[in-house]
Every structure is written in C-alpha cells, then in structure tokens.
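*Asks:* Let me give you the structure first, and then I'll get to my questions.
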Amino acid sequence: MPPKERVPKSFCRAPFLTIQMTYPEFPDSDNFTTIGDILNGVVDGKSISVRGWIYRTRSSGKLSFIVLRDSTGIIQSVVSSDSVSESSFTASKKALVESSVLVTGTPIKDERAPGGWELKASNFEVLHYADTFPITKDQSDEHLLNNRHLWLRSRDMVSCLKIRSTIFQAFRNYWISLGYAEVQSPSFTTSACEGGSTLFNVSYDDHNEKSGQKFYAHLSQSWQLYAEATMFGLEKIFTVAPSFRAEKSRTRRHLTEFWHAEVEAAWTHNHQMMELEEGMINTILNEVLSNNLSELEHLGRDISLLQNVKGPFEKMKYSDVIDELNSLGFDLSWGDDFGYKEEKALTSSRTQPLFITHFPKEKGFYHRPDPEDPKSLVCHDLLAPEGYGEIIGGGERIWSPDELDTRIREEGMEPASYGWYMDLRKYGSVPHSGFGLGLDRLTSWICGAEHIKNVIPFPRTMRRTNP
RNA sequence: GCCGCUGUAGCUCAGUUGGUCAGAGCACCCGGCUGUUAACCGGGCGGUCAUCGGUUCGAAUCCGAUCAGCGGCGCCA
C-alpha cells in the first residue's frame, strides 16, 4: 500500500490562522456589482464589474453576445472587437457555457437584449474555461437527475431553492416569535414511533456480531417520542430535521429522506395547535409572497391562488369527509383509511387548505381518543389545496398512563417495549399536542411543483441516492 | 409489495413486416458573418444499438434473463 498522503498541518488548521492568502488571478475585492442590481437600474451608465458564469453564448464575426448569470439574475453582455483587447475578444469567443468570468463594462438599457438590459463590455476575462457542459437544451428528467449536481445551477432549481429557504426561515421565525425553543433529536434511534412505517437499518462494523443484534440502530422517522420527553423541560419546542422512511413509495409526493418540521407543546389542546398551524401557514405564505415573487413568476406559479389563501381554514370531521367522498362517487364506510385518490378528490377543487379531524382510532396509538366519542381520535391532518394533499399530521397525545397502556395493548404491542417512553407518563404528565409538517411537500405546493424531487437539491428516493 | 413504461452518438430522438438501418437535430471542433435572442451558413468529429444468452442464412428489430432508470397505486409528511 502506498504511504498515506499527508495533509499539511497549516491546511488542517487554516480556519485558525490569519495568513493573508492572495490569488493574483482573482483580486480580493468586493467591488463587484450583482446582476440583480443592474436589472434594478442601480448602476445605470456607470462602469462596473460583474462576476459570474456564462449562461448562453453566441457570436458573429466581430461581436460576441455572452449572457451572464449570477445568483441574482441574468444579463447579456456584448463584447465587440472594437472596444476590448484582442485577448478579451478571443476569450469571449472561446469560452463555453458555464465558464466563470469577470466582465467589466457599462450597463445600458437596450430593447434588443433579453431582459431589456445589456452590459457593454470593456474587459472580458475568463477565470476558468469550462469543459463542454453536459446539460444542453435537450433535457430529459433522467438526465437532469443524473446531473443534479450541475442542474442546481439552473434558474428553475435556483428559484425553487430560494423559495425553500424562505419557507424554512419563516417556519423557524414563526415559532421562535411564539416563545418556542428549537431542539434537536437523534437520527439514530431504536424505537419505532409509528407502527407500520418501514425503518431503515444502520449497521456499525462488527457491532452486530458482538451485540448479537441485526443492526446498530434505525434511522429516525420522527422526533415525536424524543420531543415528548424534551417538552417537560422546555414546554414549547420545535425542530427542523431530516426523517427517513423506507417505504417503497414511488410517487410525486414521496422521498426516502425528507425534511420534517415538528412542533410539540405542553398544556396545549388539539384545537389550539390547529389555530397555531393556520397562523404558521399564513405566515410562511406571506413571507414567500413578499420575498419571492420573481421566483414564483419564473416557475409559472399562479400567484393569485397563493394570495387568496386566508384563514379560517375549513375544518371537517373524518365522518363528514367520508360522507362528502361518498357523494363524489366513492364507496367508503366509517373506519376506512383514505389514500391519495381520496385526498385528490377532496383538495383538487378546493383553493383553501383543509383540516380533517377525528380520525378513527387506528391512525395512531399515541393520539388521544375523544372522550365524547372514544372510537375516534383528537387529532388532525392538514391537506394542501390544488390536489397537493397531506402536508401535516398531528394531534393531542395521550397523557394518562392507564390510557396509553390500554391503547398500546389494543394495537397488539407490549407497553414494556416502549421503555423510557412509558416513563414520561409517570412523572407529572400533562395534556400536550404536536404535529409534523413535510417541508418538502409544503415547498412543492407553494412552488406548484410537478414532483417533490424538484424542490430539494439532492433528492433521495427508493431508487436514487446519486448524485 | 403491486401495475405500467423506457434503454440506439455527449444530449433529444427516428429506425416500417427481421434483409444498404448505423441515421437526424442539437452539442463540440474548423471556417464565415458587426445585433444575436438556447441565431444563421459551410465542413468535420462522434455509436460493442444497456448487458448476457437464445431463435434465424441474417437481429437495433423476435424471445428469455439480468442491470439501470422513469411513472403510478398502496402507505405516509
């Protein structure tokens, strides 16, 4: 075996050093203008410099048209052999799409340019000549997924990811403003939180042989059991974390690794939590509408549909939903679970989110049976409109130790196998509620995405873990 | 787990009943063009037809298996 390559000590410790690094080919300077500022008319008529990548390139004899992009937009620059050095002009003709460039010039309004603005180049410098970019105008879903590491540069992906960022931030800000604390729970777990869901198994070298177990741990499907423990100290908590489901689901709404926003609060009833969720959805939508209009427009989203979402959201009991579905031609009886077909029928004609409450007991052992109607639960789902379906599942948790014991046995499980979770009901148990929100599904709805894969940088599905 | 579909050049695809079927456009390279809008004109490069096996005088084409991927259902967020 060849000797292991040694990493220079100074490299390892780079963050702690204050050595001034200089890159002669790339000036240490903030003296660059964003394309967004140019398009907003901030620097009309002045000579400025732009740094970015080549988005499109066309040339004719003595003239190159180089469309530049940065994270804020795109602008066409015109490189004329009359107004730049020979090396600049050659570079502009030679550089392929996605080459990184530094361009100096004067922005002017010009109707002939896409976007209405144009940069008259006085200097055109290529920092790195790109190889032939694998993504051209002929694109298939599969090719774009195989090249997702490069497709992330596309305006579609950038728009979705900007909106996604707003959504994540708005979620956090909303709960923090209500006095909730952000808490982290482990991704390695040994307790299933929800029966039925399939768990990923994680191995750990020879741990398995030594311990006699088949695996080291599962990957978490939800923080809920941990949240119920943490809640007793902090009372109001939330998290944003990945959850993992090994279901063999192949739909436009499923990922094996998805971003789960979850909330848990002591002294809180189901109906109170639903009100908070409504406020959360409205807050997130308002933030997106005030920060990401251009991204929504680029994606072709019907913005009026989002603007028209206002509370109070419609609330229906499960039994009434069954009646509505049967009036639409379904044949369901009380106790039947309904799937996406039913969700789609309910939500495709609606323009507002829809709460469904009082599901049958089978939905989850940890949800509290309704004292007035013990065969149903004090719980809720929230369905997004336009056919996007379920984005939230939540409810009031059982807080009485005896009731929890009974429910677990009813589900054919042994309370003892829940170990420390049963402990939580022994020491000052209190009423509490919580929910889980699929952030990718929420983003998918807000973006109007065709597929949930379109709104996460590196989607993980049952058949894809690359790139 | 179930149902359906796809695999031919770097990309998007055509290829009829098995017989000049190794093709086009784009990309890339060379040349031309001073207003292009993922331009245009001329030329060039480029494929073990997913893999393996079978049927046949002959297979990209028919059959089987395998691999990879896509869409949907059920389940869930």
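The chains in the structure tokens are called A, B, ... from first to last as shown; in each chain the residues are counted from 1, and the ligands are counted from 1 in the order shown.
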At a cut-off of 12 Å, which residues of chain B touch chain A? Count only C-alpha atoms (C1' of nucleotides) and give the answer as a ChimeraX atom specification.
*Replies:* /B:1-2,6-7,10-13,25-29,31-41,68-77
*Asks:* Give me, as a ChimeraX atom specification, the residues of region 57-228 of chain A that a backbone DSSP run labels strand (DSSP E).
*Replies:* /A:57-60,63-70,73-80,100-109,117-128,181-182,188-189,201-202,217-219
*Asks:* Neighbouring residues of region 54-66 of chain B were defined as those with any atom within 10 Å, considering only C-alpha atoms (C1' of nucleotides); residues of the same chain fewer than 5 positions away were excluded. Please report them as a VMD selection string.
*Replies:* chain B and resid 8 15 18 to 19 21 to 22 49
*Asks:* Please identify all polymer residues within 6 Å of region 358-365 of chain A, counting only C-alpha atoms (C1' of nucleotides), omitting same-chain residues fewer than 3 positions from it, and present them as an mmCIF file with C-alpha atoms, in the first residue's frame.
*Replies:*
```
data_model
loop_
_atom_site.group_PDB
_atom_site.id
_atom_site.type_symbol
_atom_site.label_atom_id
_atom_site.label_comp_id
_atom_site.auth_asym_id
_atom_site.auth_seq_id
_atom_site.Cartn_x
_atom_site.Cartn_y
_atom_site.Cartn_z
ATOM 1 C CA LYS A 317 -64.600 15.695 10.906
ATOM 2 C CA TYR A 318 -63.470 12.440 9.383
ATOM 3 C CA GLY A 335 -63.071 3.217 9.565
ATOM 4 C CA LYS A 375 -63.753 5.385 18.678
ATOM 5 C CA SER A 376 -62.186 8.487 17.138
ATOM 6 C CA LEU A 377 -59.103 10.497 18.000
ATOM 7 C CA VAL A 378 -58.454 14.110 18.931
ATOM 8 C CA CYS A 379 -56.130 14.607 16.013
ATOM 9 C CA ARG A 407 -54.096 1.773 23.679
ATOM 10 C CA ILE A 408 -50.717 0.121 23.164
#
```
*Asks:* I need the residues in region 70-268 of chain A that are alpha helix (DSSP H) according to DSSP; give them as a ChimeraX atom specification.
*Replies:* /A:86-94,141-146,148-151,155-177,207-211,224-234
*Asks:* Those selected residues, please, written with C-alpha atoms and delivered as a compact mmCIF listing (two decimals), in the first residue's frame.
*Replies:*
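For reference, selection.txt as written:
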```
# COMPACT_ATOMS: atom_id res chain seq x y z
CA GLU A 86 -7.68 41.15 -28.54
CA SER A 87 -7.27 38.73 -25.63
CA SER A 88 -10.66 39.74 -24.21
CA PHE A 89 -12.32 39.22 -27.55
CA THR A 90 -10.66 35.86 -28.14
CA ALA A 91 -11.67 34.76 -24.65
CA SER A 92 -15.28 35.73 -25.29
CA LYS A 93 -15.34 33.67 -28.46
CA LYS A 94 -13.58 30.69 -26.95
CA ASP A 141 -35.92 14.11 -16.38
CA GLU A 142 -33.48 11.25 -16.03
CA HIS A 143 -30.55 13.19 -17.46
CA LEU A 144 -31.25 16.16 -15.21
CA LEU A 145 -31.43 13.86 -12.18
CA ASN A 146 -28.18 12.14 -13.15
CA ARG A 148 -28.37 17.17 -10.49
CA HIS A 149 -25.00 18.42 -9.18
CA LEU A 150 -24.84 20.59 -12.32
CA TRP A 151 -28.56 21.21 -12.78
CA ARG A 155 -32.82 29.06 -12.93
CA ASP A 156 -35.58 26.54 -12.12
CA MET A 157 -33.61 24.97 -9.29
CA VAL A 158 -32.34 28.31 -8.02
CA SER A 159 -35.89 29.66 -7.90
CA CYS A 160 -37.20 26.63 -6.01
CA LEU A 161 -34.31 26.70 -3.57
CA LYS A 162 -34.72 30.40 -2.85
CA ILE A 163 -38.39 29.82 -2.05
CA ARG A 164 -37.45 26.79 0.04
CA SER A 165 -35.01 28.90 2.02
CA THR A 166 -37.74 31.46 2.75
CA ILE A 167 -40.09 28.70 3.90
CA PHE A 168 -37.55 27.17 6.28
CA GLN A 169 -36.68 30.56 7.71
CA ALA A 170 -40.31 31.62 8.08
CA PHE A 171 -41.12 28.38 9.87
CA ARG A 172 -38.37 28.96 12.41
CA ASN A 173 -39.15 32.64 12.92
CA TYR A 174 -42.84 31.97 13.47
CA TRP A 175 -42.32 29.51 16.30
CA ILE A 176 -39.46 31.44 17.86
CA SER A 177 -41.68 34.52 17.93
CA HIS A 207 -21.08 -4.15 16.45
CA ASN A 208 -23.69 -6.52 15.15
CA GLU A 209 -21.69 -9.66 15.81
CA LYS A 210 -20.66 -8.57 19.28
CA SER A 211 -24.08 -7.44 20.41
CA GLN A 224 -42.00 12.71 18.36
CA LEU A 225 -41.12 10.34 21.20
CA TYR A 226 -38.00 12.38 21.96
CA ALA A 227 -39.99 15.59 21.71
CA GLU A 228 -42.45 14.38 24.32
CA ALA A 229 -39.53 13.82 26.67
CA THR A 230 -37.86 17.17 25.93
CA MET A 231 -41.14 19.04 26.27
CA PHE A 232 -41.29 18.53 30.02
CA GLY A 233 -38.37 20.90 30.46
CA LEU A 234 -38.89 23.48 27.73
```
*Asks:* Name the residues in contact with Gly36 (chain A) at a cut-off of 8 Å, using only C-alpha atoms (C1' of nucleotides), excluding same-chain residues fewer than 3 positions from it; report them as a list of chain:residue names.
*Replies:*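 Near neighbours after the sequence-gap exclusion: A:Leu39, A:Asn40, A:Thr72, A:Gly73, A:Ile74.
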*Asks:* To one decimal in Å, tell me the separation between CA of Ser71 (chain A) and CA of Thr283 (chain A).
*Replies:*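 Between these atoms lies a distance of 25.5 Å.
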*Asks:* Using CA of Pro385 (chain A) and CA of Pro312 (chain A) as the two end points, give the distance in Å to one decimal.
*Replies:* 14.1 Å
*Asks:* Counting only C-alpha atoms, what are the residues of region 401-464 of chain A within 12 Å of region 286-300 of chain A, and for each of them which pair of atoms is the nearest and at what distance in Å, to one decimal? Sort the table by chain and rising number, as CSV.
*Replies:*
```
residue,atom,partner,partner_atom,distance
A:Leu442,CA,A:Val288,CA,11.8
A:Thr443,CA,A:Val288,CA,10.2
A:Ser444,CA,A:Leu299,CA,11.5
A:Trp445,CA,A:Leu296,CA,11.5
A:Ile446,CA,A:Val288,CA,8.5
A:Cys447,CA,A:Leu296,CA,6.5
A:Gly448,CA,A:Leu299,CA,7.9
A:Ala449,CA,A:Leu299,CA,8.4
A:Glu450,CA,A:Leu299,CA,10.8
A:Asn454,CA,A:Leu299,CA,11.2
A:Val455,CA,A:Leu299,CA,11.4
```
*Asks:* Just the number, please: distance in Å from CA of Tyr427 (chain A) to CA of Ser187 (chain A), one decimal.
*Replies:*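 Separating CA of Tyr427 (chain A) from CA of Ser187 (chain A) is a distance of 25.9 Å.
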*Asks:* Select, from A:Ile322, A:Ile456, A:Ile303, A:Leu354, the residue with the minimum atom-to-atom distance to Leu152 (chain A), counting only C-alpha atoms.
*Replies:*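 Answer, going by the shortest atom-to-atom distance: A:Ile456.
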*Asks:* Given only C-alpha atoms as the basis, pick out the residue of A:Met274, A:Leu68, A:Ala345, A:Val50 nearest to Asn31 (chain A).
*Replies:*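 The closest residue to Asn31 (chain A) is A:Val50.
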*Asks:* Env of Ser85 (chain A): 12 Å cut, atoms = only C-alpha atoms (C1' of nucleotides), seq-sep filter 6 positions within chain, self excluded. Answer as a ChimeraX atom specification.
*Replies:* /A:79,91-92,121-125
*Asks:* Which residues are close to Phe338 (chain A), i.e. within 10 Å by only C-alpha atoms (C1' of nucleotides), leaving aside same-chain residues fewer than 5 positions away? Reply as a tab-separated table (two decimals) with N, CA, C and O atoms, in the first residue's frame.
*Replies:*
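File part02.tsv, as written:
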```
chain	number	residue	atom	x	y	z
A	321	VAL	N	-66.15	13.87	6.14
A	321	VAL	CA	-65.34	13.71	4.93
A	321	VAL	C	-65.75	12.44	4.19
A	321	VAL	O	-65.87	12.44	2.96
A	322	ILE	N	-66.00	11.38	4.96
A	322	ILE	CA	-66.46	10.13	4.34
A	322	ILE	C	-67.76	10.39	3.58
A	322	ILE	O	-67.94	9.94	2.44
A	325	LEU	N	-67.02	12.29	0.40
A	325	LEU	CA	-66.38	11.43	-0.61
A	325	LEU	C	-67.41	10.49	-1.23
A	325	LEU	O	-67.42	10.29	-2.45
A	332	LEU	N	-67.12	4.35	0.67
A	332	LEU	CA	-66.31	4.19	1.88
A	332	LEU	C	-67.21	4.03	3.08
A	332	LEU	O	-68.28	4.66	3.17
A	343	GLU	N	-57.74	11.98	-1.24
A	343	GLU	CA	-57.19	13.31	-0.93
A	343	GLU	C	-57.29	14.23	-2.13
A	343	GLU	O	-57.61	15.41	-2.02
```
